[in-house]
Number of protein chains: 2
Amino acid sequence: MLNARKGRILAAIIQEYVHSAEPVASEVVVRRSGLGVSSATVRHEMAALEEMGFLSQPHTSAGRVPTDRAYRFYVDTLVREERLTAEKRQRLRRQMHSLAEEAERLIERAVRALAEEIHYPSVASTVRPQERLFRHLHFIPLEARRVLGLIVTDTGVFEGQPMELPEPVDPDTLDRLSRWISARLEGLTLGEITRERLEALVGEMARYQRLLDYLHRWMDREVRRVAGGRIVIEGTTHLLEQPEFRQLDTVSPVLSTLDREEDLAEILRPVPGRTVWVTIGSEMPYAAMRECSIVAATYAVGGRTMGTLAILGPKRMPYQRALPVVRFLARHLSEALTDLSA
Amino acid sequence: MLNARKGRILAAIIQEYVHSAEPVASEVVVRRSGLGVSSATVRHEMAALEEMGFLSQPHTSAGRVPTDRAYRFYVDTLVREERLTAEKRQRLRRQMHSLAEEAERLIERAVRALAEEIHYPSVASTVRPQERLFRHLHFIPLEARRVLGLIVTDTGVFEGQPMELPEPVDPDTLDRLSRWISARLEGLTLGEITRERLEALVGEMARYQRLLDYLHRWMDREVRRVAGGRIVIEGTTHLLEQPEFRQLDTVSPVLSTLDREEDLAEILRPVPGRTVWVTIGSEMPYAAMRECSIVAATYAVGGRTMGTLAILGPKRMPYQRALPVVRFLARHLSEALTDLSA
DNA sequence: GATTGGCACTCGGTGCGGTAGAGTGCTCAT
DNA sequence: ATGAGCACTCTACCGCACCGAGTGCCAATC
């Protein structure tokens with residue numbers, strides 16, 4: 001598609017632009033690319049690249065800026081991902097584990113580590129409740145007639161709202177009841193625990209109707225609440241450090257999108273068949289994000305995809321740095337979560 | 001301190017400035033205040049008010065802008081809080097309760113309702129872990145040798161990290177153990193459950209050393225983790241709608257502060273002896289916030305202050321609207337939380 | 001003595017032309 | 001095909017004049 005020299009020139013322009021955020025001049029390419037040719041020659045090539053849709057000029061007599069297509073091409077075929085040094089791996093790992101912690105907090109840690117490493121906003125969508133695996137149900141007596149429900153899943157605990165019972169139920173009965181229910185639901189995903197299935201249980205145990213009703217309503221609510229699961233986000237303000245986001249008209253829509261969890265969940269939706277991917281500018285589902293790119297990776301527990309970890313930045317992202325870090329942290333997160341749930 | 005006319009003029013200037021965000025001219029005051037005097041007279045008064053430190057001019061021949069001192073005076077003596085209409089109360093109440101929910105979520109709701117009502121960023125600091133009351137401890141068997149710890153407090157549940165036991169412990173023993181411990185710790189705040197107290201328990205029950213160690217480390221961690229408790233924040237981007245935050249140099253430090261939980265916790269720290277208060281510009285503990293004000297209120301459960309609910313905006317805030325809404329939501333939140341924990 | 005109309009003065013915002021500099025495209029020689 | 005040279009284009013920047021908003025002050029009036 002592109003001969004070797006055009007490729008090198010394009011890569012040089014992208015790399016230069018990534019760190020200068022200014023249109024790149026032919027002269028600069030000569031200096032940076034190390035091709036032994038003059039700027040005039042580079043200008044020829046650049047004109048050709050523009051013709052092909054890889055570069056554009058903000059105005060005649062300005063340098064060139066890469067198009068979305070150029071980034072796409074760069075990411076797909078030109079990038080040479082930096083190798084993470086052993087020390088860096090070590091540091092990232094330490095940052096994630098500075099305390100041994102349960103699922104939610106591990107994810108928060110991963111996001112924070114990512115944001116601090118690359119200095120862009122970082123996000124993770126956590127497990128969608130529907131996909132979590134039911135492990136146990138517990139009814140915890142608070143007082144004689146007040147009970148708190150807890151659902152333990154493979155990746156954490158759902159806590160219900162305390163419930164007021166019409167009459168006292170003794171702790172042992174509660175205990176037997178929760179074991180009984182747990183045995184029948186274990187191994188299902190929360191999404192599979194439907195109204196029908198719960199109603200079937202009620203049939204078998206009409207006596208404890210009240211408790212089952214409670215469980216019922218509570219699960220309906222939890223499971224449906226946020227279609228995309230929870231969102232963790234860190235380092236939003238790094239965006240403001242970037243020159244293209246120095247005018248408010250540009251940042252403002254992006255920040256608003258980051259504020260809206262549903263939209264973020266959509267943006268982070270995994271691309272089927274990939275564990276690491278890049279979404280560039282116009283490929284974003286929202287117009288508000290068309291000045292941005294994300295580098296994203298799914299994380300999984302025991303082979304089941306549980307969510308997405310991603311970094312968000314301007315289209316001129318340091319892809320070759322971001323890719324390996326995101327990949328590493330997502331993989332490491334998967335391992336840590338799998339250990340937890342083992 | 002100020003005669004009646006000066007007061008009316010000052011109030012008019014503040015109100016006008018709150019919604020125009022532009023220096024206020026004498027002519028405008030005449031039109032707005034309804035005092036039957038000419039602009040020249042008002043100019044005299046304005047000069048006097050400037051002399052007294054209540055007004056300032058961005059430059060000679062510009063209108064006047066209120067100083068921090070003016071806002072302070074306005075808030076302390078001049079504001080007439082708007083009365084909330086019955087419908088508005090009803091709406092706020094509904095927004096908070098659109099689902100019956102447990103503590104954490106009630107707080108989130110309150111913050112969201114506030115942000116949507118006033119259109120400024122809203123925050124709440126939730127309960128500091130130290131101040132929560134220990135209710136019960138539960139050990140939940142996951143598998144034969146894996147146990148999950150839960151601490152039920154007056155306002156929610158703390159979930160530990162699953163623990164690996166050296167040898168299987170049967171559920172009944174776990175159960176007795178947790179009841180035994182619970183009985184000894186009930187009624188203490190988490191902050192009062194010190195290393196010493198736990199070590200005393202270990203002494204009594206050397207056999208289950210391992211479980212107690214776990215509890216021990218876990219509580220140390222939880223209780224110390226975030227000095228200021230959790231922070232909930234909503235609607236940050238409303239800030240960008242305000243003219244004074246249209247230049248990035250002004251917003252950027254504010255947004256960064258909002259990103260840092262510790263700083264926010266500091267800003268929201270209750271003022272002793274007050275349930276509702278206003279912090280204006282230079283009164284803020286951080287220089288980064290000196291273009292902002294907050295209107296804040298504490299919420300409480302059963303008389304114990306549990307956290308702060310607040311709205312954050314430019315110094316020219318619609319205080320007379322914000323005050324009653326914040327007060328109402330905080331009070332209502334207190335009631336809802338008290339109901340929950342009753 | 002307080003109030004007011006009138007007026008000169010100040011100062012920021014806007015629009016305009018002129019200039020400097022960066023970077024290109026093109027041409028012609030190699 | 002490459003490269004040196006040059007004319008051309010466009011932006012960013014500067015200084016300038018002008019306009020209008022709003023004040024401060026003063027002299028006249030109630």
# chains A, B, ... in the order shown; residues from 1 in each chain; ligands from 1
>>> interface_residues(of="chain A", to="chain D", cutoff="12 Å", atoms="only C-alpha atoms (C1' of nucleotides)", output="ChimeraX atom specification")
/A:36-44,57-63
>>> residues_around(residues="range 280-288 of chain A", least_positions_apart="6", cutoff="8 Å", atoms="only C-alpha atoms (C1' of nucleotides)", output="MDAnalysis selection string")
chainID A and resid 68 71:72 253:254 257 266:267 294 315
>>> atom_distance(atom1="CA of Cys292 in chain A", atom2="CA of Phe245 in chain A")
10.1 Å
>>> select_by_dssp(residues="range 5-126 of chain B", states="strand (DSSP E)", output="ChimeraX atom specification")
/B:55-56,65-66,122-125
>>> write_last_selection(atoms="N, CA and C atoms", output="JSON list (two decimals), in the first residue's frame")
[["chain", "number", "residue", "atom", "x", "y", "z"],
["B", 55, "LEU", "N", -17.07, 46.62, 47.34],
["B", 55, "LEU", "CA", -17.12, 46.56, 45.88],
["B", 55, "LEU", "C", -15.73, 46.81, 45.33],
["B", 56, "SER", "N", -15.52, 46.38, 44.12],
["B", 56, "SER", "CA", -14.26, 46.76, 43.47],
["B", 56, "SER", "C", -14.51, 46.92, 41.98],
["B", 65, "VAL", "N", -17.95, 45.24, 40.91],
["B", 65, "VAL", "CA", -18.04, 43.81, 41.16],
["B", 65, "VAL", "C", -17.98, 43.59, 42.67],
["B", 66, "PRO", "N", -18.80, 42.69, 43.21],
["B", 66, "PRO", "CA", -18.77, 42.47, 44.66],
["B", 66, "PRO", "C", -17.46, 41.81, 45.10],
["B", 122, "SER", "N", -21.83, 19.20, 42.40],
["B", 122, "SER", "CA", -22.26, 18.92, 43.76],
["B", 122, "SER", "C", -21.44, 17.77, 44.32],
["B", 123, "VAL", "N", -21.18, 17.85, 45.59],
["B", 123, "VAL", "CA", -20.36, 16.83, 46.23],
["B", 123, "VAL", "C", -20.92, 16.42, 47.57],
["B", 124, "ALA", "N", -20.59, 15.22, 47.97],
["B", 124, "ALA", "CA", -20.86, 14.82, 49.33],
["B", 124, "ALA", "C", -19.67, 14.05, 49.84],
["B", 125, "SER", "N", -19.31, 14.31, 51.06],
["B", 125, "SER", "CA", -18.34, 13.42, 51.68],
["B", 125, "SER", "C", -19.19, 12.48, 52.50]]
>>> residues_around(residues="Asp172 in chain B", least_positions_apart="2", cutoff="12 Å", atoms="only C-alpha atoms (C1' of nucleotides)", output="number ranges by chain")
A: 172, 175-176; B: 138-141, 168-170, 174-179
>>> select_by_dssp(residues="range 58-261 of chain B", states="alpha helix (DSSP H)", output="ChimeraX atom specification")
/B:68-73,86-97,103-118,171-185,195-204,209-225,248-259,261
>>> closest_atom_pairs(of="chain C", to="chain A", cutoff="10 Å", atoms="only C-alpha atoms (C1' of nucleotides)", output="CSV")
residue,atom,partner,partner_atom,distance
C:DA22,C1',A:Ala62,CA,7.6
C:DG23,C1',A:Ser61,CA,5.0
C:DT24,C1',A:Ser61,CA,4.6
C:DG25,C1',A:Arg43,CA,8.7
>>> closest_residue(among="A:Gly307, A:Pro121, A:Pro324, A:Gly235", to="chain B", atoms="only C-alpha atoms")
A:Gly235
>>> closest_residue(among="B:Leu201, B:Val251, B:Ile118, B:Met1", to="chain A", atoms="only C-alpha atoms")
B:Val251
>>> closest_residue(among="A:Val326, A:Leu337, A:Ala300, A:Leu248", to="chain B", atoms="only C-alpha atoms")
A:Leu248
>>> residues_around(residues="range 333-335 of chain A", least_positions_apart="2", cutoff="7 Å", atoms="only C-alpha atoms (C1' of nucleotides)", output="short mmCIF file (atom, residue, chain, number, x, y, z; two decimals) with N, CA and C atoms, in the first residue's frame")
data_model
loop_
_atom_site.label_atom_id
_atom_site.label_comp_id
_atom_site.auth_asym_id
_atom_site.auth_seq_id
_atom_site.Cartn_x
_atom_site.Cartn_y
_atom_site.Cartn_z
N TYR A 299 -10.43 -7.26 30.12
CA TYR A 299 -9.87 -8.15 31.12
C TYR A 299 -10.90 -9.24 31.37
N ALA A 300 -10.43 -10.34 31.87
CA ALA A 300 -11.30 -11.51 31.96
C ALA A 300 -11.00 -12.27 33.23
N VAL A 301 -11.99 -13.00 33.69
CA VAL A 301 -11.77 -13.90 34.83
C VAL A 301 -12.08 -15.31 34.35
N LEU A 329 -1.43 -4.13 31.79
CA LEU A 329 -2.27 -3.96 32.98
C LEU A 329 -3.54 -4.79 32.87
N ALA A 330 -4.11 -4.86 31.68
CA ALA A 330 -5.34 -5.65 31.52
C ALA A 330 -5.05 -7.12 31.79
N ARG A 331 -3.94 -7.58 31.26
CA ARG A 331 -3.63 -8.98 31.45
C ARG A 331 -3.36 -9.27 32.94
N LEU A 337 -7.56 -10.97 39.23
CA LEU A 337 -8.98 -11.25 39.50
C LEU A 337 -9.24 -12.74 39.50
N THR A 338 -8.58 -13.42 38.60
CA THR A 338 -8.77 -14.87 38.55
C THR A 338 -8.27 -15.51 39.84
N ASP A 339 -7.14 -15.05 40.31
CA ASP A 339 -6.63 -15.54 41.59
C ASP A 339 -7.66 -15.34 42.70
#
>>> atom_distance(atom1="CA of Arg269 in chain A", atom2="CA of Ala310 in chain A")
10.6 Å
